[in-house]
Amino acid sequence: MTEPATAIAAPVVERLAQYGRTEQQEILGPGDDPYGVSYTGLSFRSKEIHFGVRAADGRLVAHAGLVPLPLTVGGNDLTVIGVGGVCVAPDRRHGGLARTVVGAALDHGRTLGHRYALLFCRPPLAAFYRGLGFREVARAVTVEQPEGRLAEMPLRTMWAPLVVGAGWPEGPVRLRSLPM
């Protein structure tokens, strides 16, 4: 006799009241470079809006953050929603949590009226984000750094349309803030 299949509950995404180093370590454990981007030498800004998924025991196991970003693309100023701080606890990877939490963050970006989402990622993650509908920005992206310094973004820059028919504008891209 076989056991009846047990339904697995879909992960529930919640808006987090706060997200800082403590919450990040709850997901990823201790470490000075949890996202593997210290080699860039860049300073990054914090996200302002946070989404997370908790395990049945209440432990935070996934996160995605958002922050409005001022850009200039081809001489035109616009604001996009930046996606960053995406992470899933090592023991919970490959179960769809990143897709779920990023999807909720993008849905929220749509409710805020943004046409585009933008993120920066290490090259090995680009295929994952393409699977979520992101596309690579073809041009080099310049970002601001402390003391008014400008830097070319060494990570992959990817965008996703948040409204039907939105195409990425042509021209040079400059983020008028620290990257997220």
# chains A, B, ... in the order shown; residues from 1 in each chain; ligands from 1
call {"tool": "residues_around", "arguments": {"residues": "range 67-71 of chain A", "least_positions_apart": "2", "cutoff": "10 Å", "atoms": "only C-alpha atoms", "output": "PyMOL selection string"}}
result
chain A and resi 45-50+65+73-84+109+112+114+117-118+141-143+173-180
call {"tool": "residues_around", "arguments": {"residues": "Gly29 in chain A", "least_positions_apart": "6", "cutoff": "10 Å", "atoms": "only C-alpha atoms", "output": "ChimeraX atom specification"}}
result
/A:21-23,89-90
call {"tool": "closest_atom_pairs", "arguments": {"of": "range 79-168 of chain A", "to": "range 8-19 of chain A", "cutoff": "9 Å", "atoms": "only C-alpha atoms", "output": "CSV"}}
result
residue,atom,partner,partner_atom,distance
A:Gly96,CA,A:Pro11,CA,8.9
A:Leu97,CA,A:Pro11,CA,7.3
A:Thr100,CA,A:Val13,CA,7.5
A:Val101,CA,A:Val13,CA,6.2
A:Ala104,CA,A:Val13,CA,7.0
call {"tool": "select_by_dssp", "arguments": {"residues": "range 62-142 of chain A", "states": "helix (DSSP H, G or I)", "output": "PyMOL selection string"}}
result
chain A and resi 90-92+97-111+123-131
call {"tool": "residues_around", "arguments": {"residues": "range 129-134 of chain A", "least_positions_apart": "6", "cutoff": "6 Å", "atoms": "only C-alpha atoms", "output": "PyMOL selection string"}}
result
chain A and resi 158-160
call {"tool": "write_last_selection", "arguments": {"atoms": "all heavy atoms", "output": "PDB file, in the first residue's frame"}}
result
ATOM      1  N   MET A 158      21.090  43.994 -15.627  1.00  0.00           N
ATOM      2  CA  MET A 158      19.927  43.369 -16.264  1.00  0.00           C
ATOM      3  C   MET A 158      18.673  44.169 -15.937  1.00  0.00           C
ATOM      4  O   MET A 158      18.565  44.748 -14.856  1.00  0.00           O
ATOM      5  CB  MET A 158      19.798  41.921 -15.797  1.00  0.00           C
ATOM      6  CG  MET A 158      21.054  41.106 -16.117  1.00  0.00           C
ATOM      7  SD  MET A 158      20.889  39.358 -15.756  1.00  0.00           S
ATOM      8  CE  MET A 158      19.954  38.824 -17.195  1.00  0.00           C
ATOM      9  N   TRP A 159      17.755  44.182 -16.873  1.00  0.00           N
ATOM     10  CA  TRP A 159      16.495  44.905 -16.697  1.00  0.00           C
ATOM     11  C   TRP A 159      15.329  43.992 -17.033  1.00  0.00           C
ATOM     12  O   TRP A 159      15.481  43.021 -17.763  1.00  0.00           O
ATOM     13  CB  TRP A 159      16.463  46.158 -17.577  1.00  0.00           C
ATOM     14  CG  TRP A 159      16.318  45.849 -19.036  1.00  0.00           C
ATOM     15  CD1 TRP A 159      17.311  45.485 -19.901  1.00  0.00           C
ATOM     16  CD2 TRP A 159      15.114  45.856 -19.803  1.00  0.00           C
ATOM     17  NE1 TRP A 159      16.804  45.264 -21.157  1.00  0.00           N
ATOM     18  CE2 TRP A 159      15.451  45.485 -21.126  1.00  0.00           C
ATOM     19  CE3 TRP A 159      13.779  46.125 -19.496  1.00  0.00           C
ATOM     20  CZ2 TRP A 159      14.503  45.383 -22.135  1.00  0.00           C
ATOM     21  CZ3 TRP A 159      12.837  46.035 -20.509  1.00  0.00           C
ATOM     22  CH2 TRP A 159      13.201  45.674 -21.810  1.00  0.00           C
ATOM     23  N   ALA A 160      14.183  44.324 -16.469  1.00  0.00           N
ATOM     24  CA  ALA A 160      12.947  43.603 -16.789  1.00  0.00           C
ATOM     25  C   ALA A 160      11.838  44.628 -16.986  1.00  0.00           C
ATOM     26  O   ALA A 160      11.745  45.601 -16.231  1.00  0.00           O
ATOM     27  CB  ALA A 160      12.566  42.637 -15.666  1.00  0.00           C
TER      28      ALA A 160
END
call {"tool": "residues_around", "arguments": {"residues": "Val37 in chain A", "least_positions_apart": "6", "cutoff": "10 Å", "atoms": "only C-alpha atoms", "output": "list in words"}}
result
Cys121, Arg122, Pro154 and Leu155 of chain A
call {"tool": "atom_distance", "arguments": {"atom1": "CA of Ala140 in chain A", "atom2": "CA of Val164 in chain A"}}
result
25.2 Å
call {"tool": "closest_residue", "arguments": {"among": "A:Gly95, A:Gly36, A:Pro169, A:Gly103", "to": "Phe51 in chain A", "atoms": "only C-alpha atoms"}}
result
A:Gly103
call {"tool": "closest_residue", "arguments": {"among": "A:His63, A:Cys87, A:Phe44, A:Tyr39", "to": "Glu144 in chain A", "atoms": "only C-alpha atoms"}}
result
A:Phe44
call {"tool": "select_by_dssp", "arguments": {"residues": "range 68-137 of chain A", "states": "strand (DSSP E)", "output": "count of residues only"}}
result
27
call {"tool": "closest_residue", "arguments": {"among": "A:Leu66, A:Leu119, A:Val163, A:Val53", "to": "Arg92 in chain A", "atoms": "only C-alpha atoms"}}
result
A:Val53
call {"tool": "decode", "arguments": {"residues": "range 48-117 of chain A", "atoms": "C-alpha atoms", "output": "JSON list (two decimals), in the first residue's frame"}}
result
[["chain", "number", "residue", "atom", "x", "y", "z"],
["A", 48, "GLU", "CA", 14.33, 50.40, 1.23],
["A", 49, "ILE", "CA", 11.59, 47.81, 0.75],
["A", 50, "HIS", "CA", 12.11, 44.18, 1.77],
["A", 51, "PHE", "CA", 10.36, 40.90, 1.07],
["A", 52, "GLY", "CA", 11.10, 37.57, 2.69],
["A", 53, "VAL", "CA", 10.05, 33.96, 3.03],
["A", 54, "ARG", "CA", 10.14, 32.12, 6.34],
["A", 55, "ALA", "CA", 10.47, 28.41, 6.99],
["A", 56, "ALA", "CA", 7.80, 26.64, 9.04],
["A", 57, "ASP", "CA", 9.92, 27.23, 12.16],
["A", 58, "GLY", "CA", 9.91, 31.02, 11.56],
["A", 59, "ARG", "CA", 13.50, 31.25, 10.28],
["A", 60, "LEU", "CA", 14.00, 33.73, 7.46],
["A", 61, "VAL", "CA", 15.17, 31.70, 4.44],
["A", 62, "ALA", "CA", 14.87, 34.07, 1.44],
["A", 63, "HIS", "CA", 14.99, 37.80, 0.73],
["A", 64, "ALA", "CA", 14.71, 40.35, -2.08],
["A", 65, "GLY", "CA", 14.94, 44.10, -1.63],
["A", 66, "LEU", "CA", 13.86, 47.10, -3.67],
["A", 67, "VAL", "CA", 14.95, 50.71, -3.95],
["A", 68, "PRO", "CA", 13.96, 53.43, -6.44],
["A", 69, "LEU", "CA", 16.96, 54.35, -8.63],
["A", 70, "PRO", "CA", 17.51, 57.54, -10.61],
["A", 71, "LEU", "CA", 19.03, 56.84, -14.04],
["A", 72, "THR", "CA", 19.94, 58.73, -17.14],
["A", 73, "VAL", "CA", 19.63, 56.65, -20.30],
["A", 74, "GLY", "CA", 20.45, 58.24, -23.64],
["A", 75, "GLY", "CA", 20.18, 61.70, -22.08],
["A", 76, "ASN", "CA", 16.72, 61.05, -20.59],
["A", 77, "ASP", "CA", 16.17, 60.93, -16.84],
["A", 78, "LEU", "CA", 13.98, 58.17, -15.42],
["A", 79, "THR", "CA", 13.45, 56.25, -12.21],
["A", 80, "VAL", "CA", 13.49, 52.46, -12.14],
["A", 81, "ILE", "CA", 12.99, 50.02, -9.29],
["A", 82, "GLY", "CA", 16.28, 48.44, -8.28],
["A", 83, "VAL", "CA", 16.23, 44.81, -7.15],
["A", 84, "GLY", "CA", 19.00, 43.64, -4.85],
["A", 85, "GLY", "CA", 19.99, 41.64, -1.84],
["A", 86, "VAL", "CA", 18.44, 38.53, -3.36],
["A", 87, "CYS", "CA", 19.44, 35.51, -1.32],
["A", 88, "VAL", "CA", 18.24, 32.07, -0.25],
["A", 89, "ALA", "CA", 19.56, 30.01, 2.65],
["A", 90, "PRO", "CA", 22.00, 27.36, 1.39],
["A", 91, "ASP", "CA", 19.85, 24.51, 2.73],
["A", 92, "ARG", "CA", 16.77, 25.84, 0.87],
["A", 93, "ARG", "CA", 18.23, 26.52, -2.60],
["A", 94, "HIS", "CA", 16.85, 25.00, -5.81],
["A", 95, "GLY", "CA", 13.31, 24.97, -4.46],
["A", 96, "GLY", "CA", 11.94, 28.06, -6.20],
["A", 97, "LEU", "CA", 12.26, 30.48, -3.28],
["A", 98, "ALA", "CA", 14.35, 33.01, -5.20],
["A", 99, "ARG", "CA", 11.83, 32.97, -8.04],
["A", 100, "THR", "CA", 8.99, 33.44, -5.53],
["A", 101, "VAL", "CA", 10.53, 36.31, -3.55],
["A", 102, "VAL", "CA", 11.81, 38.15, -6.65],
["A", 103, "GLY", "CA", 8.38, 37.73, -8.28],
["A", 104, "ALA", "CA", 6.71, 39.33, -5.26],
["A", 105, "ALA", "CA", 9.23, 42.19, -5.32],
["A", 106, "LEU", "CA", 8.61, 42.79, -9.04],
["A", 107, "ASP", "CA", 4.85, 42.74, -8.48],
["A", 108, "HIS", "CA", 5.31, 45.41, -5.82],
["A", 109, "GLY", "CA", 7.45, 47.47, -8.21],
["A", 110, "ARG", "CA", 4.56, 47.38, -10.67],
["A", 111, "THR", "CA", 2.16, 48.70, -8.01],
["A", 112, "LEU", "CA", 4.54, 51.62, -7.46],
["A", 113, "GLY", "CA", 4.18, 52.53, -11.14],
["A", 114, "HIS", "CA", 7.67, 51.66, -12.37],
["A", 115, "ARG", "CA", 8.15, 50.66, -16.03],
["A", 116, "TYR", "CA", 11.43, 48.85, -15.43],
["A", 117, "ALA", "CA", 13.25, 46.81, -12.81]]
